[in-house]
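Undergrad: Please see the structure below; I have some questions.
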Amino acid sequence: MLGLEGQSPGVPLEEVTVAPPRFDVSGLTAIVGAEHVHTDALARARFGTGKSTPDLLRQRAGDVTTAPDAVVRPGSHDEVLAVLAYAASAGLICVPHGGRTSVVGGLVPESSSATGTVAIDLTRMNALLDVDPVSRTATLQAGVRAPDAERLLAEHGFTLGHFPQSFEYATIGGFAATRSSGQASAGYGRFDAMVVGLTVATPRGTIETGRAPASAAGPDLRHLFLGSEGAFGIITSVTVRVRPVKQLAYQGWRVESFADGLEIVRKLAQDGPLPAVLRLSDEMETMLQHSGEGCLLITGSAGDVSVPGAEPLGEEPGEKWLRGRYEGPYLRDSLLDAGAFVETLETAAFWSRIPALYAAVREAITDAFVLCHVSHVYETGASLYFTVVSPSMTLDEWTRAKAAASDAILAAGGTITHHHGVGTDHRDWYVREVGALGIEALQAVKRALDPNATLNPGILLPPV
Ligand SMILES: Cc1cc2nc3c(=O)[nH]c(=O)nc-3n(C[C@H](O)[C@H](O)[C@H](O)COP(=O)(O)OP(=O)(O)OC[C@H]3O[C@@H](n4cnc5c(N)ncnc54)[C@H](O)[C@@H]3O)c2cc1C
């Protein structure tokens, strides 16, 4: 029901109208060329949202209040630098856009005092700049989408091994800016673990990081920008560690209970051998998504896998999961058409806290089916990914349930996000997680790099 009854599947974007831009765009056209500055209603409406549920609902209602005044498509690092410098001097706000798959309000800044907002679409910057086959590194421009990155790297025999469910649209820069984690994270690591260097354009100039594979030369500035969600600068290229392409074989396993499964995957994570893909569904997810009993465990591995304590189910469940792995999240759109509610939330914690964290989140969300799986494991802990399904929840009820779940996550020792990022939705809990002094330190960094608060105000950090 969602409080959405009677809503059409959405006002077509082609039919929306927007007010004229609040500023003269000639300063932008002088930098990137008139053909790369868009002020038409369609382009502006498209760049007014991401993929959070409020984003989708706003879009369906034809609400374009968050549309930027202009969309700019720079073609190089220098053009990004020049746009930022111009925007800072003109009092404009800039929002970098990659694949626009943010599910946490990361593309909708909070600002009332702006002269205007510019969406910076990075997808024109889509080249593989360099491959170093000896060091096994590659440098990609920020706007390369994940499938293109895999295709470009495969021409050199390499893979990134980063396969999040947003794979089809998300970009290399977006992965770095949000510290994304893919389904093969057990084997290839999270995206931030793959990054060996970054080039960043800020309103005050360029920062380059990543001179060597490891360094004791002070704090590692890469980590200032990984996860910075466009608040400190715009990542224009990323140097990543790559690996030779390997075919993985997928298999299904049955375990008796989620508690047993957690022990099994913990032992694999701590003592090995660890498959590249390791995904454990709880009883509810196994029943509702896989029509199975007990708990389904999926493994994907280049070699033989043995999972002590689990019953082998053969290749079929693994192959089935592989075929449908990018489809699930987009069901949200069609379920919204039917007035049903599906949302997700995720967290991570040390192993010793996982059972209590799992129970606390399930307890905090009432009147809905709560499904859960573990898909990212570490020696010291794991992430929990919850899917909430309800035929009758309203958006207000979800907002309250999500707040209760977020409080429960912090109380149980989890992090407010393992891979979706902070955006605007998680900001209040992020502030609690990091603490006042931590936020003050980050705001000092922002002031140094972005003194006019040009970039993503209110995203990641509270607006100043
Ligand atoms: C269907 C679906 C499935 C998803 N599955 C996963 C998953 O499996 N794992 C996962 O980790 N996430 C997942 N996500 C979340 C999302 O895909 C990630 O946050 C992703 O990393 C964002 O990449 P993007 O290119 O789409 O960035 P965008 O959504 O365009 O931007 C995300 C944030 O980063 C900023 N930004 C973007 N590019 C840059 C840049 N070059 N420099 C600086 N800042 C920048 C933006 O301003 C914004 O704040 C999913 C989202 C959807 C819609």
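Ligands are numbered from 1 in the order shown, residues from 1 within each chain, and chains are lettered A, B, ... in the order they appear in the structure tokens.
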From a backbone DSSP assignment, name each residue in segment 262-338 of chain A labelled strand (DSSP E or B), as a list in words.
TA: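 Secondary structure check on segment 262-338 of chain A, strand (DSSP E or B): Val277, Leu278, Arg279, Leu280, Ser281, Cys295, Leu296, Leu297, Ile298, Thr299, Gly300, Ser301, Glu311, Pro312, Leu313 and Gly314 of chain A.
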Undergrad: Print the selection's residues with N, CA, C and O atoms to a file, as a compact mmCIF listing (two decimals), in the first residue's frame.
TA:
```txt
# COMPACT_ATOMS: atom_id res chain seq x y z
N VAL A 277 33.17 -16.38 -4.04
CA VAL A 277 31.79 -16.00 -3.72
C VAL A 277 31.30 -16.89 -2.59
O VAL A 277 31.44 -18.13 -2.64
N LEU A 278 30.76 -16.30 -1.57
CA LEU A 278 30.25 -17.04 -0.42
C LEU A 278 29.03 -16.30 0.07
O LEU A 278 29.12 -15.15 0.50
N ARG A 279 27.87 -16.93 -0.04
CA ARG A 279 26.62 -16.22 0.29
C ARG A 279 25.71 -17.15 1.05
O ARG A 279 25.32 -18.21 0.54
N LEU A 280 25.37 -16.78 2.26
CA LEU A 280 24.55 -17.61 3.13
C LEU A 280 23.22 -16.92 3.39
O LEU A 280 23.18 -15.83 3.96
N SER A 281 22.11 -17.54 2.96
CA SER A 281 20.77 -16.98 3.20
C SER A 281 20.22 -17.54 4.50
O SER A 281 20.44 -18.71 4.83
N CYS A 295 18.90 -23.50 5.30
CA CYS A 295 19.55 -22.28 4.79
C CYS A 295 20.40 -22.61 3.58
O CYS A 295 21.19 -23.57 3.61
N LEU A 296 20.26 -21.81 2.54
CA LEU A 296 21.02 -22.04 1.31
C LEU A 296 22.35 -21.29 1.38
O LEU A 296 22.38 -20.10 1.70
N LEU A 297 23.41 -22.02 1.04
CA LEU A 297 24.73 -21.41 0.95
C LEU A 297 25.18 -21.54 -0.51
O LEU A 297 25.08 -22.62 -1.10
N ILE A 298 25.62 -20.43 -1.10
CA ILE A 298 26.13 -20.46 -2.48
C ILE A 298 27.64 -20.24 -2.43
O ILE A 298 28.11 -19.32 -1.73
N THR A 299 28.38 -21.04 -3.17
CA THR A 299 29.82 -20.79 -3.29
C THR A 299 30.16 -20.62 -4.77
O THR A 299 29.52 -21.21 -5.63
N GLY A 300 31.15 -19.81 -5.03
CA GLY A 300 31.68 -19.66 -6.39
C GLY A 300 33.19 -19.68 -6.28
O GLY A 300 33.77 -18.89 -5.55
N SER A 301 33.80 -20.62 -6.99
CA SER A 301 35.23 -20.80 -6.77
C SER A 301 35.91 -21.28 -8.05
O SER A 301 35.30 -21.98 -8.86
N GLU A 311 25.50 -29.71 3.37
CA GLU A 311 25.12 -30.79 2.44
C GLU A 311 25.20 -30.26 1.00
O GLU A 311 24.56 -29.26 0.67
N PRO A 312 25.99 -30.92 0.13
CA PRO A 312 26.10 -30.40 -1.24
C PRO A 312 24.79 -30.56 -2.02
O PRO A 312 24.16 -31.61 -1.95
N LEU A 313 24.40 -29.51 -2.75
CA LEU A 313 23.17 -29.55 -3.55
C LEU A 313 23.49 -29.50 -5.04
O LEU A 313 22.58 -29.41 -5.86
N GLY A 314 24.76 -29.50 -5.40
CA GLY A 314 25.14 -29.51 -6.81
C GLY A 314 25.16 -28.11 -7.42
O GLY A 314 25.07 -27.10 -6.71
```
Undergrad: Within 9 Å of Phe232 of chain A, counting only C-alpha atoms, which residues qualify if same-chain residues fewer than 5 places away don't, as a count of residues only?
TA: 14
Undergrad: Quote the spacing between atom 17 (O, counted along the ligand's line) of ligand 1 and atom CA of Trp398 of chain A in Å to one decimal place.
TA: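 Interatomic distance here is 21.0 Å.
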Undergrad: Residues at most 6 Å from ligand 1, using only C-alpha atoms and all ligand atoms? Could they come as a ChimeraX atom specification?
TA: /A:51,95-103,106-107,142,164-166,170-171,173-175,177-178,180-182,229-230,233-236,329-330,419-420,423
Undergrad: Residues near Ser352 of chain A, anyone? I mean within 12 Å using only C-alpha atoms, not counting same-chain ones fewer than 3 positions away, as a ChimeraX atom specification.
TA: /A:262-263,266,348-349,355-358,379-382,412-414
Undergrad: For Gln247 of chain A, please output as a list of chain:residue names all residues within 12 Å (counting only C-alpha atoms; exclusion window: fewer than 3 positions along the same chain).
TA: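 Result of the neighbour search: A:Phe158, A:Thr159, A:Gly161, A:Pro244, A:Tyr250, A:Ala276, A:Gly300, A:Ser301, A:Ala302, A:Gly303.
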Undergrad: Could you write those residues out with N, CA and C atoms, as a PDB file, in the first residue's frame?
TA:
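That gives us part09.pdb:
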```pdb
ATOM      1  N   PHE A 158      42.672  -9.494 -18.148  1.00  0.00           N
ATOM      2  CA  PHE A 158      42.494  -9.207 -16.719  1.00  0.00           C
ATOM      3  C   PHE A 158      41.029  -8.999 -16.352  1.00  0.00           C
ATOM      4  N   THR A 159      40.763  -9.124 -15.064  1.00  0.00           N
ATOM      5  CA  THR A 159      39.455  -8.791 -14.499  1.00  0.00           C
ATOM      6  C   THR A 159      39.677  -7.968 -13.240  1.00  0.00           C
ATOM      7  N   GLY A 161      37.099  -8.165 -10.977  1.00  0.00           N
ATOM      8  CA  GLY A 161      36.462  -9.071 -10.011  1.00  0.00           C
ATOM      9  C   GLY A 161      35.482  -8.345  -9.107  1.00  0.00           C
ATOM     10  N   PRO A 244      44.329 -11.958 -13.349  1.00  0.00           N
ATOM     11  CA  PRO A 244      44.007 -12.706 -14.573  1.00  0.00           C
ATOM     12  C   PRO A 244      42.573 -13.239 -14.497  1.00  0.00           C
ATOM     13  N   TYR A 250      29.913 -22.408  -9.723  1.00  0.00           N
ATOM     14  CA  TYR A 250      28.999 -22.074  -8.630  1.00  0.00           C
ATOM     15  C   TYR A 250      28.287 -23.328  -8.137  1.00  0.00           C
ATOM     16  N   ALA A 276      35.681 -17.505  -3.772  1.00  0.00           N
ATOM     17  CA  ALA A 276      35.580 -16.082  -4.138  1.00  0.00           C
ATOM     18  C   ALA A 276      34.188 -15.552  -3.817  1.00  0.00           C
ATOM     19  N   GLY A 300      31.155 -19.812  -5.034  1.00  0.00           N
ATOM     20  CA  GLY A 300      31.681 -19.656  -6.390  1.00  0.00           C
ATOM     21  C   GLY A 300      33.188 -19.681  -6.284  1.00  0.00           C
ATOM     22  N   SER A 301      33.799 -20.618  -6.989  1.00  0.00           N
ATOM     23  CA  SER A 301      35.226 -20.797  -6.770  1.00  0.00           C
ATOM     24  C   SER A 301      35.908 -21.282  -8.046  1.00  0.00           C
ATOM     25  N   ALA A 302      37.177 -20.905  -8.199  1.00  0.00           N
ATOM     26  CA  ALA A 302      37.925 -21.359  -9.378  1.00  0.00           C
ATOM     27  C   ALA A 302      38.395 -22.799  -9.191  1.00  0.00           C
ATOM     28  N   GLY A 303      38.507 -23.257  -7.976  1.00  0.00           N
ATOM     29  CA  GLY A 303      38.959 -24.633  -7.728  1.00  0.00           C
ATOM     30  C   GLY A 303      37.889 -25.435  -7.009  1.00  0.00           C
TER      31      GLY A 303
END
```
Undergrad: For a test of reading the model, state the distance in Å between atom CA of Val238 of chain A and atom CA of Thr454 of chain A, rounded to one decimal.
TA: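 Computing it gives 22.4 Å between the two atoms.
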Undergrad: Write out as a PyMOL selection string all residues of segment 282-454 of chain A that DSSP puts in alpha helix (DSSP H) for this structure's backbone.
TA: chain A and resi 283-290+315-324+331-337+354-364+395-411+427-434+436-449
Undergrad: Determine, for each residue of segment 48-165 of chain A having at least one atom at most 12 Å from an atom of segment 341-347 of chain A, the closest pair of atoms and their separation in Å to one decimal, counting only C-alpha atoms; order by chain and ascending number, as JSON lines.
TA:
```
{"residue": "A:Lys51", "atom": "CA", "partner": "A:Glu343", "partner_atom": "CA", "distance": 11.2}
{"residue": "A:Ser52", "atom": "CA", "partner": "A:Glu343", "partner_atom": "CA", "distance": 9.0}
{"residue": "A:Thr53", "atom": "CA", "partner": "A:Glu343", "partner_atom": "CA", "distance": 7.7}
{"residue": "A:Pro54", "atom": "CA", "partner": "A:Glu343", "partner_atom": "CA", "distance": 11.0}
{"residue": "A:Leu56", "atom": "CA", "partner": "A:Glu343", "partner_atom": "CA", "distance": 11.9}
{"residue": "A:Leu57", "atom": "CA", "partner": "A:Phe341", "partner_atom": "CA", "distance": 11.6}
{"residue": "A:Val103", "atom": "CA", "partner": "A:Thr344", "partner_atom": "CA", "distance": 9.3}
{"residue": "A:Val104", "atom": "CA", "partner": "A:Leu345", "partner_atom": "CA", "distance": 9.9}
```
Undergrad: Restrict the selected residues to N, CA and C atoms and save them as a PDB file, in the first residue's frame.
TA:
```pdb
ATOM      1  N   LYS A  51      18.537   6.211  -6.660  1.00  0.00           N
ATOM      2  CA  LYS A  51      17.719   4.995  -6.623  1.00  0.00           C
ATOM      3  C   LYS A  51      17.225   4.644  -5.225  1.00  0.00           C
ATOM      4  N   SER A  52      17.189   5.624  -4.330  1.00  0.00           N
ATOM      5  CA  SER A  52      16.584   5.312  -3.027  1.00  0.00           C
ATOM      6  C   SER A  52      15.073   5.281  -3.208  1.00  0.00           C
ATOM      7  N   THR A  53      14.351   4.707  -2.251  1.00  0.00           N
ATOM      8  CA  THR A  53      12.892   4.671  -2.395  1.00  0.00           C
ATOM      9  C   THR A  53      12.306   6.082  -2.461  1.00  0.00           C
ATOM     10  N   PRO A  54      12.707   7.022  -1.585  1.00  0.00           N
ATOM     11  CA  PRO A  54      12.189   8.392  -1.755  1.00  0.00           C
ATOM     12  C   PRO A  54      12.501   8.972  -3.140  1.00  0.00           C
ATOM     13  N   LEU A  56      12.742   7.264  -5.929  1.00  0.00           N
ATOM     14  CA  LEU A  56      11.826   6.632  -6.893  1.00  0.00           C
ATOM     15  C   LEU A  56      10.418   7.210  -6.761  1.00  0.00           C
ATOM     16  N   LEU A  57      10.005   7.442  -5.509  1.00  0.00           N
ATOM     17  CA  LEU A  57       8.651   7.962  -5.304  1.00  0.00           C
ATOM     18  C   LEU A  57       8.522   9.387  -5.835  1.00  0.00           C
ATOM     19  N   VAL A 103      21.609   4.434  -3.319  1.00  0.00           N
ATOM     20  CA  VAL A 103      20.344   4.078  -2.659  1.00  0.00           C
ATOM     21  C   VAL A 103      20.211   4.776  -1.301  1.00  0.00           C
ATOM     22  N   VAL A 104      21.081   5.774  -1.048  1.00  0.00           N
ATOM     23  CA  VAL A 104      21.075   6.421   0.265  1.00  0.00           C
ATOM     24  C   VAL A 104      20.923   7.948   0.164  1.00  0.00           C
TER      25      VAL A 104
END
```
Undergrad: Tell me, as a PyMOL selection string, which residues lie within 7 Å of Ala45 of chain A, counting only C-alpha atoms; anything in the same chain fewer than 2 positions away does not count.
TA: chain A and resi 13+41-43+47-48+64+67
Undergrad: Can you work out which one of A:Leu84, A:Val377, A:Ile93, A:Leu28 has the shortest atom-to-atom distance to Val72 of chain A, counting only C-alpha atoms?
TA: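 Residue with the minimum atom-to-atom distance to Val72 of chain A: A:Leu28.
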Undergrad: For Asp304 of chain A, which residue out of A:Leu248, A:Val265, A:Leu395, A:Val240 is the nearest one, using only C-alpha atoms?
TA: A:Leu248
Undergrad: Which residue out of A:Val196, A:Ser257, A:Glu316, A:Thr424 has the minimum interatomic distance to Pro457 of chain A when only C-alpha atoms are used?
TA: A:Thr424
Undergrad: With distances taken over only C-alpha atoms, which of A:Gly33, A:Gly50, A:Pro109, A:Gly438 is nearest to Ala231 of chain A?
TA: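 Checking each candidate against Ala231 of chain A, we get A:Pro109 as the closest.
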Undergrad: Show which residues sit within 6 Å of segment 123-136 of chain A, as a VMD selection string. Count only C-alpha atoms, and ignore same-chain residues fewer than 6 positions away.
TA: chain A and resid 75 143 to 144 241 to 242
Undergrad: Taking into account only C-alpha atoms, which residue in the set A:Glu315, A:Asp271, A:Asp337, A:Glu110 is nearest to Val464 of chain A?
TA: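 Nearest candidate to Val464 of chain A out of A:Glu315, A:Asp271, A:Asp337, A:Glu110: A:Glu110.
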Undergrad: To one decimal place in Å, what is the distance between atom CA of Pro74 of chain A and atom CA of Val37 of chain A?
TA: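 Separation of atom CA of Pro74 of chain A and atom CA of Val37 of chain A: 8.8 Å.
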Undergrad: So which one's closest to His376 of chain A, A:His418, A:Arg332, A:Arg353, A:Arg325? Using only C-alpha atoms, please.
TA: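 Closest candidate: A:His418.
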Undergrad: Got a sec: who's within 10 Å of His290 of chain A, counting only C-alpha atoms, leaving out chain neighbours fewer than 3 positions off, as a list in words?
TA: Ser281, Glu283, Met284, Glu285, Thr286, Met287, Glu293, Cys295, Leu296, Pro317, Lys320 and Trp321 of chain A
